[in-house]
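Enquirer: Dropping in final-v9.txt, which is compact mmCIF, C-alpha atoms:
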```txt
# COMPACT_ATOMS: atom_id res chain seq x y z
CA MET A 20 -23.81 5.50 2.40
CA ALA A 21 -23.38 2.62 4.83
CA LYS A 22 -20.24 0.52 4.45
CA LEU A 23 -19.11 -3.06 4.85
CA ARG A 24 -15.91 -3.06 6.92
CA VAL A 25 -13.37 -5.56 8.22
CA HIS A 26 -11.42 -4.53 11.34
CA ASN A 27 -8.61 -5.93 13.46
CA PHE A 28 -8.04 -8.91 11.23
CA SER A 29 -4.64 -10.20 12.29
CA VAL A 30 -2.37 -11.96 9.84
CA SER A 31 1.08 -13.47 10.18
CA LEU A 32 4.17 -12.26 8.32
CA ASP A 33 3.58 -15.05 5.87
CA GLY A 34 0.01 -13.86 5.39
CA TYR A 35 -2.06 -16.41 7.29
CA GLY A 36 -5.16 -15.40 9.23
CA ALA A 37 -5.33 -18.68 11.12
CA GLY A 38 -2.94 -21.55 11.72
CA ARG A 39 -3.30 -25.12 10.57
CA ASP A 40 -5.25 -27.84 12.37
CA GLN A 41 -8.15 -25.71 13.59
CA SER A 42 -10.33 -27.50 16.15
CA VAL A 43 -12.80 -26.86 18.97
CA GLU A 44 -9.92 -26.71 21.45
CA ASN A 45 -7.82 -24.53 19.13
CA PRO A 46 -10.22 -22.52 16.98
CA LEU A 47 -7.46 -20.26 15.59
CA GLY A 48 -5.30 -23.21 14.59
CA GLU A 49 -1.78 -24.01 15.67
CA GLY A 50 -0.03 -20.81 16.78
CA GLY A 51 -3.01 -18.70 15.68
CA GLU A 52 -3.61 -17.12 19.07
CA ARG A 53 -0.19 -15.39 18.79
CA LEU A 54 -1.64 -13.29 15.97
CA HIS A 55 -4.05 -11.62 18.38
CA GLU A 56 -1.78 -10.89 21.35
CA TRP A 57 -1.60 -7.21 20.37
CA VAL A 58 -5.38 -6.85 20.96
CA PHE A 59 -5.12 -7.89 24.59
CA GLU A 60 -2.39 -5.35 25.23
CA THR A 61 -4.82 -2.53 24.40
CA ARG A 62 -7.23 -0.98 26.88
CA GLY A 63 -10.18 -1.66 24.57
CA GLY A 64 -9.17 -5.25 23.98
CA ARG A 65 -8.80 -5.92 27.71
CA ALA A 66 -12.15 -4.29 28.43
CA MET A 67 -13.73 -6.65 25.89
CA ILE A 68 -12.73 -9.61 28.06
CA GLY A 69 -13.63 -7.83 31.29
CA GLU A 70 -10.10 -6.90 32.35
CA ASP A 71 -8.68 -3.56 33.45
CA GLY A 72 -5.54 -1.84 32.23
CA GLY A 73 -3.98 -2.03 28.82
CA ASP A 74 -2.29 0.50 26.59
CA THR A 75 -3.67 3.43 24.65
CA GLY A 76 -2.12 4.60 21.39
CA VAL A 77 -2.06 3.46 17.79
CA ASP A 78 -3.11 -0.12 18.45
CA GLU A 79 -6.04 0.86 20.62
CA ASP A 80 -7.15 3.51 18.13
CA PHE A 81 -7.37 0.87 15.44
CA PHE A 82 -9.01 -1.63 17.76
CA ASN A 83 -11.73 0.88 18.71
CA ARG A 84 -12.58 1.70 15.12
CA GLY A 85 -13.94 -1.84 14.85
CA VAL A 86 -16.82 -1.13 17.19
CA ALA A 87 -17.62 2.49 16.26
CA GLY A 88 -20.61 3.03 14.00
CA ILE A 89 -21.39 -0.65 13.51
CA GLY A 90 -25.04 -1.77 13.51
CA ALA A 91 -24.82 -5.39 12.35
CA THR A 92 -22.24 -8.13 11.86
CA ILE A 93 -21.65 -10.79 9.20
CA MET A 94 -19.55 -13.89 9.79
CA GLY A 95 -18.83 -17.17 8.07
CA ARG A 96 -20.11 -20.34 9.56
CA ASN A 97 -16.67 -21.52 10.62
CA THR A 98 -16.23 -18.33 12.62
CA PHE A 99 -19.52 -19.04 14.38
CA GLY A 100 -18.50 -22.53 15.37
CA PRO A 101 -16.81 -25.83 14.61
CA ILE A 102 -19.91 -27.72 13.39
CA ARG A 103 -19.85 -28.71 9.72
CA GLY A 104 -22.85 -29.93 7.67
CA GLU A 105 -26.30 -30.06 9.33
CA TRP A 106 -26.73 -28.17 12.60
CA GLY A 107 -27.85 -31.28 14.51
CA ASP A 108 -29.32 -30.66 17.96
CA ASP A 109 -29.08 -26.85 17.76
CA GLU A 110 -27.08 -26.81 21.00
CA TRP A 111 -24.21 -24.75 19.57
CA LYS A 112 -24.76 -21.02 20.10
CA GLY A 113 -21.33 -19.63 19.22
CA TRP A 114 -18.03 -19.32 21.06
CA TRP A 115 -19.08 -16.34 23.17
CA GLY A 116 -21.30 -17.65 26.00
CA ASP A 117 -24.80 -16.42 26.89
CA GLU A 118 -24.05 -12.74 26.21
CA PRO A 119 -21.95 -12.37 23.05
CA PRO A 120 -20.04 -9.09 22.57
CA TYR A 121 -22.03 -8.03 19.48
CA HIS A 122 -25.22 -6.52 21.01
CA HIS A 123 -26.83 -6.27 17.54
CA PRO A 124 -28.04 -8.58 14.75
CA VAL A 125 -25.43 -11.05 13.48
CA PHE A 126 -25.77 -12.82 10.12
CA VAL A 127 -24.09 -16.21 9.85
CA LEU A 128 -23.46 -17.49 6.33
CA THR A 129 -24.38 -21.16 5.99
CA HIS A 130 -25.71 -23.70 3.52
CA HIS A 131 -27.97 -25.18 6.22
CA PRO A 132 -31.08 -23.30 7.41
CA ARG A 133 -31.61 -22.75 11.13
CA PRO A 134 -34.04 -20.54 13.09
CA PRO A 135 -32.63 -17.33 14.62
CA ILE A 136 -31.22 -17.48 18.15
CA THR A 137 -31.84 -14.55 20.48
CA MET A 138 -29.06 -14.16 23.05
CA ALA A 139 -28.73 -11.93 26.11
CA GLY A 140 -27.59 -8.36 25.56
CA GLY A 141 -29.18 -7.74 22.17
CA THR A 142 -27.31 -10.19 19.97
CA VAL A 143 -29.50 -12.20 17.57
CA PHE A 144 -27.84 -14.85 15.43
CA ASN A 145 -29.54 -15.11 12.03
CA PHE A 146 -28.62 -17.92 9.63
CA VAL A 147 -28.52 -16.97 5.95
CA ASP A 148 -28.44 -19.69 3.31
CA THR A 149 -29.12 -17.43 0.31
CA GLY A 150 -25.58 -16.17 -0.39
CA ILE A 151 -23.26 -13.32 0.46
CA GLU A 152 -25.19 -10.56 -1.32
CA SER A 153 -28.43 -11.50 0.37
CA ALA A 154 -26.70 -11.58 3.76
CA LEU A 155 -25.28 -8.12 3.09
CA GLU A 156 -28.68 -6.70 2.15
CA ARG A 157 -30.24 -8.07 5.31
CA ALA A 158 -27.36 -6.79 7.42
CA PHE A 159 -27.55 -3.27 5.96
CA GLU A 160 -31.30 -3.26 6.61
CA ALA A 161 -30.83 -4.48 10.17
CA ALA A 162 -28.10 -1.88 10.80
CA GLY A 163 -30.55 0.90 9.98
CA GLY A 164 -28.06 3.24 8.34
CA ALA A 165 -25.03 2.27 10.43
CA ASP A 166 -22.15 0.27 8.92
CA VAL A 167 -21.84 -3.51 8.84
CA ARG A 168 -18.79 -5.29 10.15
CA LEU A 169 -17.52 -8.46 8.52
CA VAL A 170 -15.58 -10.41 11.12
CA GLY A 171 -14.30 -13.31 9.02
CA GLY A 172 -13.03 -15.89 8.49
CA VAL A 173 -10.56 -15.79 5.67
CA SER A 174 -12.70 -17.44 3.01
CA THR A 175 -15.71 -15.24 3.78
CA ILE A 176 -13.60 -12.08 3.53
CA GLN A 177 -12.14 -13.30 0.25
CA GLN A 178 -15.61 -13.84 -1.19
CA TYR A 179 -16.66 -10.27 -0.37
CA LEU A 180 -13.32 -8.88 -1.59
CA ARG A 181 -13.45 -10.68 -4.93
CA ALA A 182 -17.06 -9.60 -5.40
CA GLY A 183 -16.01 -5.97 -4.78
CA LEU A 184 -18.56 -5.70 -1.95
CA LEU A 185 -16.11 -4.88 0.81
CA ASP A 186 -15.53 -1.15 1.40
CA GLU A 187 -12.71 -1.28 3.94
CA LEU A 188 -10.32 -3.90 5.23
CA HIS A 189 -8.09 -3.26 8.24
CA ALA A 190 -5.48 -5.97 8.69
CA ALA A 191 -2.84 -6.08 11.44
CA ILE A 192 0.39 -7.77 10.40
CA ALA A 193 1.89 -9.47 13.44
CA PRO A 194 5.58 -10.45 13.72
CA VAL A 195 4.78 -14.15 13.75
CA LEU A 196 5.57 -16.92 11.25
CA LEU A 197 2.97 -19.67 10.93
CA GLY A 198 4.28 -21.62 7.93
CA SER A 199 0.86 -22.75 6.76
CA GLY A 200 -2.83 -22.05 7.26
CA GLU A 201 -5.47 -19.93 5.57
CA ARG A 202 -4.01 -16.97 3.70
CA LEU A 203 -6.01 -13.72 3.65
CA LEU A 204 -4.61 -11.96 0.55
CA ASP A 205 -4.22 -15.02 -1.63
CA ASP A 206 -3.94 -14.66 -5.38
CA LEU A 207 -6.54 -11.91 -5.52
CA ASP A 208 -5.40 -11.18 -9.09
CA ASP A 209 -7.45 -8.47 -10.75
CA ALA A 210 -9.57 -7.92 -7.63
CA VAL A 211 -6.72 -5.83 -6.17
CA ALA A 212 -7.32 -3.19 -8.82
CA ASN A 213 -10.51 -2.31 -6.94
CA TYR A 214 -8.60 -1.45 -3.76
CA GLU A 215 -5.99 1.07 -2.68
CA VAL A 216 -3.77 1.18 0.39
CA ALA A 217 -5.31 4.03 2.37
CA GLU A 218 -3.27 3.69 5.58
CA PHE A 219 -0.06 1.97 6.61
CA VAL A 220 0.84 2.73 10.22
CA SER A 221 2.87 0.66 12.65
CA SER A 222 3.30 0.25 16.36
CA PRO A 223 6.11 -1.81 17.87
CA ALA A 224 3.61 -4.71 18.04
CA VAL A 225 1.92 -4.78 14.61
CA ALA A 226 1.78 -3.05 11.23
CA HIS A 227 -1.71 -1.77 10.49
CA VAL A 228 -2.92 -1.72 6.90
CA VAL A 229 -6.21 -0.27 5.70
CA LEU A 230 -7.39 -1.11 2.21
CA LYS A 231 -10.26 0.91 0.79
CA ARG A 232 -12.31 0.40 -2.29
CA ALA A 233 -10.91 2.69 -4.97
CA ALA A 234 -13.04 5.80 -5.48
CA SER A 235 -13.61 5.08 -9.15
CA LYS A 236 -15.26 1.77 -8.32
CA THR A 237 -17.68 2.93 -5.64
CA SER A 238 -19.90 4.96 -7.92
CA MET B 27 31.33 -17.57 11.86
CA ALA B 28 30.46 -16.10 8.49
CA LYS B 29 26.78 -15.84 7.64
CA LEU B 30 24.50 -16.06 4.65
CA ARG B 31 22.22 -13.01 4.65
CA VAL B 32 19.36 -11.59 2.61
CA HIS B 33 18.86 -7.81 2.76
CA ASN B 34 16.40 -5.26 1.43
CA PHE B 35 14.16 -7.85 -0.15
CA SER B 36 10.93 -5.97 -0.82
CA VAL B 37 7.59 -7.73 -0.76
CA SER B 38 4.05 -6.53 -1.32
CA LEU B 39 1.30 -6.61 1.31
CA ASP B 40 0.09 -9.80 -0.32
CA GLY B 41 3.59 -11.24 -0.01
CA TYR B 42 4.93 -11.13 -3.56
CA GLY B 43 8.58 -10.35 -4.27
CA ALA B 44 7.92 -9.69 -7.96
CA GLY B 45 4.86 -9.06 -10.08
CA ARG B 46 3.49 -11.25 -12.85
CA ASP B 47 4.66 -11.18 -16.47
CA GLN B 48 8.37 -10.64 -15.86
CA SER B 49 10.27 -9.75 -19.03
CA VAL B 50 13.45 -8.05 -20.28
CA GLU B 51 11.61 -4.73 -20.36
CA ASN B 52 10.01 -5.33 -16.98
CA PRO B 53 12.33 -7.56 -14.97
CA LEU B 54 10.40 -7.06 -11.72
CA GLY B 55 7.07 -7.96 -13.29
CA GLU B 56 3.94 -5.88 -13.50
CA GLY B 57 3.93 -3.30 -10.68
CA GLY B 58 7.10 -4.81 -9.21
CA GLU B 59 9.13 -1.62 -9.33
CA ARG B 60 6.71 -0.04 -6.81
CA LEU B 61 8.06 -2.47 -4.21
CA HIS B 62 11.46 -0.82 -4.37
CA GLU B 63 10.54 2.86 -4.32
CA TRP B 64 11.55 3.14 -0.66
CA VAL B 65 15.17 2.29 -1.58
CA PHE B 66 15.50 5.28 -3.89
CA GLU B 67 14.24 7.61 -1.18
CA THR B 68 17.27 6.77 0.97
CA ARG B 69 20.64 8.45 0.69
CA GLY B 70 22.39 5.08 0.25
CA GLY B 71 19.95 3.93 -2.40
CA ARG B 72 20.38 7.14 -4.39
CA ALA B 73 24.16 6.93 -4.14
CA MET B 74 23.94 3.40 -5.59
CA ILE B 75 22.50 4.83 -8.79
CA GLY B 76 24.84 7.83 -8.77
CA GLU B 77 22.36 10.39 -7.47
CA ASP B 78 22.68 12.87 -4.62
CA GLY B 79 20.25 13.53 -1.80
CA GLY B 80 17.91 11.08 -0.15
CA ASP B 81 16.81 10.53 3.41
CA THR B 82 18.65 9.13 6.38
CA GLY B 83 16.88 7.22 9.15
CA VAL B 84 15.42 3.76 9.62
CA ASP B 85 15.14 2.90 5.95
CA GLU B 86 18.68 3.93 5.15
CA ASP B 87 20.02 2.10 8.18
CA PHE B 88 18.46 -1.11 6.89
CA PHE B 89 19.57 -0.42 3.34
CA ASN B 90 23.19 0.06 4.43
CA ARG B 91 23.29 -3.18 6.37
CA GLY B 92 23.06 -4.94 3.05
CA VAL B 93 26.51 -3.81 1.96
CA ALA B 94 28.37 -3.90 5.29
CA GLY B 95 30.64 -6.87 5.90
CA ILE B 96 29.76 -8.67 2.66
CA GLY B 97 32.53 -10.41 0.72
CA ALA B 98 30.62 -12.37 -1.93
CA THR B 99 27.15 -12.58 -3.45
CA ILE B 100 24.89 -15.44 -4.55
CA MET B 101 22.00 -15.00 -6.96
CA GLY B 102 19.65 -17.17 -8.94
CA ARG B 103 19.93 -17.27 -12.67
CA ASN B 104 16.72 -15.33 -13.22
CA THR B 105 18.10 -12.49 -11.11
CA PHE B 106 21.19 -12.43 -13.32
CA GLY B 107 19.20 -12.17 -16.51
CA PRO B 108 16.21 -13.13 -18.64
CA ILE B 109 17.89 -15.93 -20.62
CA ARG B 110 16.51 -19.43 -20.02
CA GLY B 111 18.11 -22.73 -21.07
CA GLU B 112 21.55 -22.67 -22.74
CA TRP B 113 23.54 -19.42 -22.52
CA GLY B 114 23.83 -19.08 -26.32
CA ASP B 115 26.29 -16.45 -27.53
CA ASP B 116 27.50 -15.44 -24.06
CA GLU B 117 26.59 -11.82 -24.79
CA TRP B 118 24.48 -11.35 -21.66
CA LYS B 119 26.55 -10.03 -18.75
CA GLY B 120 23.84 -9.06 -16.27
CA TRP B 121 21.54 -6.07 -15.85
CA TRP B 122 24.17 -3.78 -14.37
CA GLY B 123 26.37 -2.55 -17.26
CA ASP B 124 30.17 -2.79 -17.45
CA GLU B 125 30.75 -2.02 -13.79
CA PRO B 126 28.21 -3.86 -11.61
CA PRO B 127 27.68 -2.60 -8.04
CA TYR B 128 29.02 -5.78 -6.39
CA HIS B 129 32.83 -5.27 -6.52
CA HIS B 130 33.42 -8.84 -5.33
CA PRO B 131 32.86 -12.44 -6.53
CA VAL B 132 29.26 -13.24 -7.50
CA PHE B 133 27.99 -16.82 -7.80
CA VAL B 134 25.11 -17.37 -10.20
CA LEU B 135 23.12 -20.58 -9.75
CA THR B 136 22.42 -22.28 -13.08
CA HIS B 137 21.96 -25.69 -14.65
CA HIS B 138 24.10 -24.62 -17.62
CA PRO B 139 27.90 -24.27 -17.30
CA ARG B 140 29.56 -21.05 -18.45
CA PRO B 141 33.08 -19.64 -17.94
CA PRO B 142 33.48 -16.84 -15.36
CA ILE B 143 33.12 -13.23 -16.53
CA THR B 144 35.42 -10.58 -15.08
CA MET B 145 33.79 -7.15 -15.05
CA ALA B 146 35.19 -3.71 -14.27
CA GLY B 147 35.42 -2.72 -10.62
CA GLY B 148 36.18 -6.12 -9.12
CA THR B 149 32.98 -8.04 -9.88
CA VAL B 150 33.49 -11.56 -11.24
CA PHE B 151 30.42 -13.56 -12.25
CA ASN B 152 30.94 -17.27 -11.56
CA PHE B 153 28.39 -19.81 -12.81
CA VAL B 154 27.70 -22.72 -10.47
CA ASP B 155 25.89 -25.80 -11.76
CA THR B 156 26.58 -28.04 -8.78
CA GLY B 157 23.77 -26.93 -6.45
CA ILE B 158 23.03 -24.45 -3.68
CA GLU B 159 25.32 -25.98 -1.05
CA SER B 160 28.26 -26.03 -3.42
CA ALA B 161 27.61 -22.40 -4.40
CA LEU B 162 27.51 -21.45 -0.72
CA GLU B 163 30.82 -23.19 0.01
CA ARG B 164 32.50 -21.42 -2.88
CA ALA B 165 31.01 -18.07 -1.85
CA PHE B 166 32.17 -18.43 1.77
CA GLU B 167 35.64 -19.31 0.54
CA ALA B 168 35.73 -16.35 -1.83
CA ALA B 169 34.48 -14.01 0.91
CA GLY B 170 37.51 -14.88 3.03
CA GLY B 171 35.77 -14.68 6.37
CA ALA B 172 33.28 -11.95 5.50
CA ASP B 173 29.57 -12.72 5.11
CA VAL B 174 27.80 -13.75 1.92
CA ARG B 175 24.76 -11.92 0.62
CA LEU B 176 21.98 -13.78 -1.16
CA VAL B 177 20.19 -11.30 -3.38
CA GLY B 178 17.38 -13.47 -4.74
CA GLY B 179 15.14 -14.18 -6.46
CA VAL B 180 12.24 -15.67 -4.61
CA SER B 181 12.78 -19.30 -5.54
CA THR B 182 16.50 -19.16 -4.71
CA ILE B 183 15.80 -17.66 -1.28
CA GLN B 184 13.16 -20.32 -0.65
CA GLN B 185 15.64 -23.09 -1.45
CA TYR B 186 18.16 -21.76 1.06
CA LEU B 187 15.42 -21.12 3.65
CA ARG B 188 13.96 -24.61 3.38
CA ALA B 189 17.44 -26.12 3.58
CA GLY B 190 18.09 -24.13 6.78
CA LEU B 191 21.20 -22.57 5.21
CA LEU B 192 20.06 -18.96 5.46
CA ASP B 193 21.17 -17.16 8.64
CA GLU B 194 19.29 -13.87 8.25
CA LEU B 195 16.50 -12.56 6.07
CA HIS B 196 15.59 -8.87 5.99
CA ALA B 197 12.35 -8.24 4.12
CA ALA B 198 10.71 -4.84 3.62
CA ILE B 199 6.93 -4.98 3.41
CA ALA B 200 5.74 -2.22 1.08
CA PRO B 201 2.19 -0.82 1.08
CA VAL B 202 1.45 -2.19 -2.38
CA LEU B 203 -0.98 -4.85 -3.59
CA LEU B 204 0.16 -6.93 -6.56
CA GLY B 205 -2.55 -9.62 -6.72
CA SER B 206 -0.26 -12.28 -8.13
CA GLY B 207 3.40 -13.06 -8.69
CA GLU B 208 6.11 -14.95 -6.84
CA ARG B 209 5.48 -15.20 -3.11
CA LEU B 210 8.49 -15.07 -0.77
CA LEU B 211 7.12 -16.73 2.38
CA ASP B 212 5.00 -19.37 0.70
CA ASP B 213 3.88 -22.45 2.59
CA LEU B 214 7.21 -22.80 4.37
CA ASP B 215 5.56 -25.29 6.74
CA ASP B 216 7.98 -26.75 9.25
CA ALA B 217 10.89 -24.69 7.92
CA VAL B 218 9.58 -21.70 9.91
CA ALA B 219 10.43 -23.51 13.15
CA ASN B 220 14.09 -22.82 12.31
CA TYR B 221 13.57 -19.05 12.31
CA GLU B 222 12.52 -16.39 14.76
CA VAL B 223 11.43 -12.81 14.20
CA ALA B 224 14.42 -10.85 15.49
CA GLU B 225 13.33 -7.33 14.42
CA PHE B 226 10.09 -5.68 13.36
CA VAL B 227 10.56 -1.95 12.80
CA SER B 228 8.60 0.36 10.53
CA SER B 229 9.05 3.66 8.80
CA PRO B 230 6.16 5.47 7.12
CA ALA B 231 7.30 3.82 3.85
CA VAL B 232 7.85 0.16 4.74
CA ALA B 233 7.75 -2.36 7.57
CA HIS B 234 11.12 -4.00 8.07
CA VAL B 235 11.27 -7.60 9.26
CA VAL B 236 14.42 -9.50 10.15
CA LEU B 237 14.22 -13.27 10.51
CA LYS B 238 17.15 -15.04 12.09
CA ARG B 239 17.95 -18.69 12.34
CA ALA B 240 16.87 -19.83 15.81
CA ALA B 241 19.80 -20.24 18.18
CA SER B 242 19.02 -23.88 18.90
CA LYS B 243 19.42 -24.74 15.23
CA THR B 244 22.73 -23.04 14.52
CA SER B 245 24.84 -25.28 16.68
```
Spit out the file's structure as structure tokens when you get a sec.
Expert:
Amino acid sequence: MAKLRVHNFSVSLDGYGAGRDQSVENPLGEGGERLHEWVFETRGGRAMIGEDGGDTGVDEDFFNRGVAGIGATIMGRNTFGPIRGEWGDDEWKGWWGDEPPYHHPVFVLTHHPRPPITMAGGTVFNFVDTGIESALERAFEAAGGADVRLVGGVSTIQQYLRAGLLDELHAAIAPVLLGSGERLLDDLDDAVANYEVAEFVSSPAVAHVVLKRAASKTS
Amino acid sequence: MAKLRVHNFSVSLDGYGAGRDQSVENPLGEGGERLHEWVFETRGGRAMIGEDGGDTGVDEDFFNRGVAGIGATIMGRNTFGPIRGEWGDDEWKGWWGDEPPYHHPVFVLTHHPRPPITMAGGTVFNFVDTGIESALERAFEAAGGADVRLVGGVSTIQQYLRAGLLDELHAAIAPVLLGSGERLLDDLDDAVANYEVAEFVSSPAVAHVVLKRAASKTS
């Protein structure tokens, strides 16, 4: 059965997935880019931005899992871009330029309808204003049997976690203190009973955690 | 110069240092004891409870740092016991029996005065109702040049952290989800600028983090 998976979601030691004061110039918030430094030390992460070199090993293994077997992507609107409210002139087409790195259908959660945008390289941005379950159904259908990746942000992941719709969550704890921001695992309360810690493996750079939906809850 | 240090403070993946619903029967809160399992797998941790065996290696190395060079201990009142408000009949003498494992002066932060209690084996519980700075001064004096260990709990550590009085904090991140409880690194905001991540080393059981007061702030 196809799964909904989160991969390579970096959090600080104090649990934040993004710093404070997010803006167009600083989409990850103050200090937030330090959370992701480990990615760009891996061969796969460097290839993603068109650069050679990089390390193999534990970090790259985890990084690569995030692209294997994925047929569609879901993201929150704030991950797609900085615009709030109505879409306005429809000029904004994401952070990723003319050829985004997805190469498959992407479903953007929003309260404001917008026609799909077809980009170079196979990425199509679809805007879903009918809720997280509806977005997931459409994404599974578009993925055609492959898994769906949920890229973020924090509040979107929390919604899927609390609803018990997320099958796997890979977080990378980075040795960084942010002090404030958006916290990923924030007062999940009883929702944690649905998940177990399936993997806990560290490199010198980050501690990788994989949460999986508990077997008793998937039936 | 003598230091104030926190050691072996276990936190969950979601950042809690104790579970919810703490009580006399369950002083670490619901699920809280799972945070500390790694300690009792080490040789030093087993010796502390009078048992043989246990592993050596990274976890034991960190565990042992918590007893080396320490001449006095500070703890919050809730770490000393479950009694709130006035001390009542003075019967409560801590969780640790007639011979507590400290073997040196211990300073318990409280709003309610109480005479010192001398226990077997060199531990003396002193009750300080004049604030965290005053407790620290008395502890440094009692330690006679050795360092002072702050054992917890969460809110006491946060007070010393925010005041910039803590020199070192060793936390052990355990692969456990609690969902709610008392969070150690909770919205520290600008206080994090005083600290840097000095060590980040993992075993299969836990990820060890050592925060140290940034050099520029200690002068």
Enquirer: Using all atoms listed in the file, which residue out of B:Gly55, B:Pro141, B:Pro201, B:Gly45 lies closest to His234 of chain B?
Expert: B:Pro201
Enquirer: List the neighbours of Gly205 of chain B out to 10 Å using all atoms listed in the file; skip same-chain residues closer than 2 positions along the sequence, and give me the result as a VMD selection string.
Expert: (chain A and resid 204 to 212) or (chain B and resid 38 to 42 45 to 46 57 202 to 203 207)
Enquirer: I need the chosen residues saved as an mmCIF file, keeping the file's coordinate frame, with C-alpha atoms.
Expert:
```cif
data_model
loop_
_atom_site.group_PDB
_atom_site.id
_atom_site.type_symbol
_atom_site.label_atom_id
_atom_site.label_comp_id
_atom_site.auth_asym_id
_atom_site.auth_seq_id
_atom_site.Cartn_x
_atom_site.Cartn_y
_atom_site.Cartn_z
ATOM 1 C CA LEU A 204 -4.610 -11.960 0.550
ATOM 2 C CA ASP A 205 -4.220 -15.020 -1.630
ATOM 3 C CA ASP A 206 -3.940 -14.660 -5.380
ATOM 4 C CA LEU A 207 -6.540 -11.910 -5.520
ATOM 5 C CA ASP A 208 -5.400 -11.180 -9.090
ATOM 6 C CA ASP A 209 -7.450 -8.470 -10.750
ATOM 7 C CA ALA A 210 -9.570 -7.920 -7.630
ATOM 8 C CA VAL A 211 -6.720 -5.830 -6.170
ATOM 9 C CA ALA A 212 -7.320 -3.190 -8.820
ATOM 10 C CA SER B 38 4.050 -6.530 -1.320
ATOM 11 C CA LEU B 39 1.300 -6.610 1.310
ATOM 12 C CA ASP B 40 0.090 -9.800 -0.320
ATOM 13 C CA GLY B 41 3.590 -11.240 -0.010
ATOM 14 C CA TYR B 42 4.930 -11.130 -3.560
ATOM 15 C CA GLY B 45 4.860 -9.060 -10.080
ATOM 16 C CA ARG B 46 3.490 -11.250 -12.850
ATOM 17 C CA GLY B 57 3.930 -3.300 -10.680
ATOM 18 C CA VAL B 202 1.450 -2.190 -2.380
ATOM 19 C CA LEU B 203 -0.980 -4.850 -3.590
ATOM 20 C CA GLY B 207 3.400 -13.060 -8.690
#
```
Enquirer: Could you work out how far atom CA of His196 of chain B lies from atom CA of Ala169 of chain B, giving the answer in Å with one decimal?
Expert: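 Straight-line distance from atom CA of Ala169 of chain B to atom CA of His196 of chain B works out to 20.2 Å.
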Enquirer: Measuring between all atoms listed in the file, which one of B:Ala241, B:Ala198, B:Leu135, B:Ile96 shows the shortest distance to chain A?
Expert: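 Nearest candidate to chain A out of B:Ala241, B:Ala198, B:Leu135, B:Ile96: B:Ala198.
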Enquirer: Give the answer as one residue: which of B:Val32, B:Ala165, B:Leu192, B:Gln48 has the shortest atom-to-atom distance to Pro108 of chain B, using all atoms listed in the file?
Expert: B:Gln48
Enquirer: Could you work out how far atom CA of Gly51 of chain A lies from atom CA of Met94 of chain A, giving the answer in Å with one decimal?
Expert: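 According to the coordinates, atom CA of Met94 of chain A and atom CA of Gly51 of chain A are separated by 18.2 Å.
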Enquirer: Fewer than 5 positions away in the same chain doesn't count, so skip those; otherwise give me all residues within 8 Å of segment 20-24 of chain A, counting only C-alpha atoms, as a ChimeraX atom specification.
Expert: /A:159,164-169,184-189
Enquirer: Would you kindly return, as an MDAnalysis selection string, each protein, DNA or RNA residue with an atom no farther than 6 Å from any atom of Gly141 of chain A, considering all atoms listed in the file and excluding same-chain residues fewer than 2 positions away?
Expert: chainID A and resid 122:123 139
Enquirer: Figure out the distance between atom CA of Ala154 of chain A and atom CA of Phe99 of chain A, please, to one decimal in Å.
Expert: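 Atom-to-atom, atom CA of Phe99 of chain A and atom CA of Ala154 of chain A are spaced 14.8 Å apart.
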Enquirer: Restricting the calculation to all atoms listed in the file, which member of B:Gly76, B:Pro139, B:Pro230, B:Gly179 is positioned closest to chain A?
Expert: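 Nearest to chain A: B:Pro230.
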Enquirer: Set the distance at 8 Å and use all atoms listed in the file: which residues neighbour segment 73-85 of chain A once local chain neighbours fewer than 4 positions away are removed? I'd like the list as a PyMOL selection string.
Expert: chain A and resi 25-27+57-65+89+168+221-222+225+227
Enquirer: Please determine, counting only C-alpha atoms, which residue among B:Lys238, B:Ala200, B:Ser206, B:Glu117 has the shortest atom-to-atom distance to chain A.
Expert: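 Among the listed residues, the smallest separation from chain A belongs to B:Ser206.
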Enquirer: From the list A:Ala233, A:Leu203, A:Thr98, A:Asp148, which residue is nearest chain B when using only C-alpha atoms?
Expert: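 Ranked by minimum distance to chain B, first place goes to A:Leu203.
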Enquirer: Neighbouring residues of Lys119 of chain B were defined as those with any atom within 9 Å, considering only C-alpha atoms; residues of the same chain fewer than 6 positions away were excluded. Please report them as a PyMOL selection string.
Expert: chain B and resi 106-107+143+145+151
Enquirer: Next, write the just-selected residues to a file, as a PDB file, keeping the file's coordinate frame, keeping C-alpha atoms as the atom set.
Expert:
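Output saved as result.pdb:
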```pdb
ATOM      1  CA  PHE B 106      21.190 -12.430 -13.320  1.00  0.00           C
ATOM      2  CA  GLY B 107      19.200 -12.170 -16.510  1.00  0.00           C
ATOM      3  CA  ILE B 143      33.120 -13.230 -16.530  1.00  0.00           C
ATOM      4  CA  MET B 145      33.790  -7.150 -15.050  1.00  0.00           C
ATOM      5  CA  PHE B 151      30.420 -13.560 -12.250  1.00  0.00           C
TER       6      PHE B 151
END
```
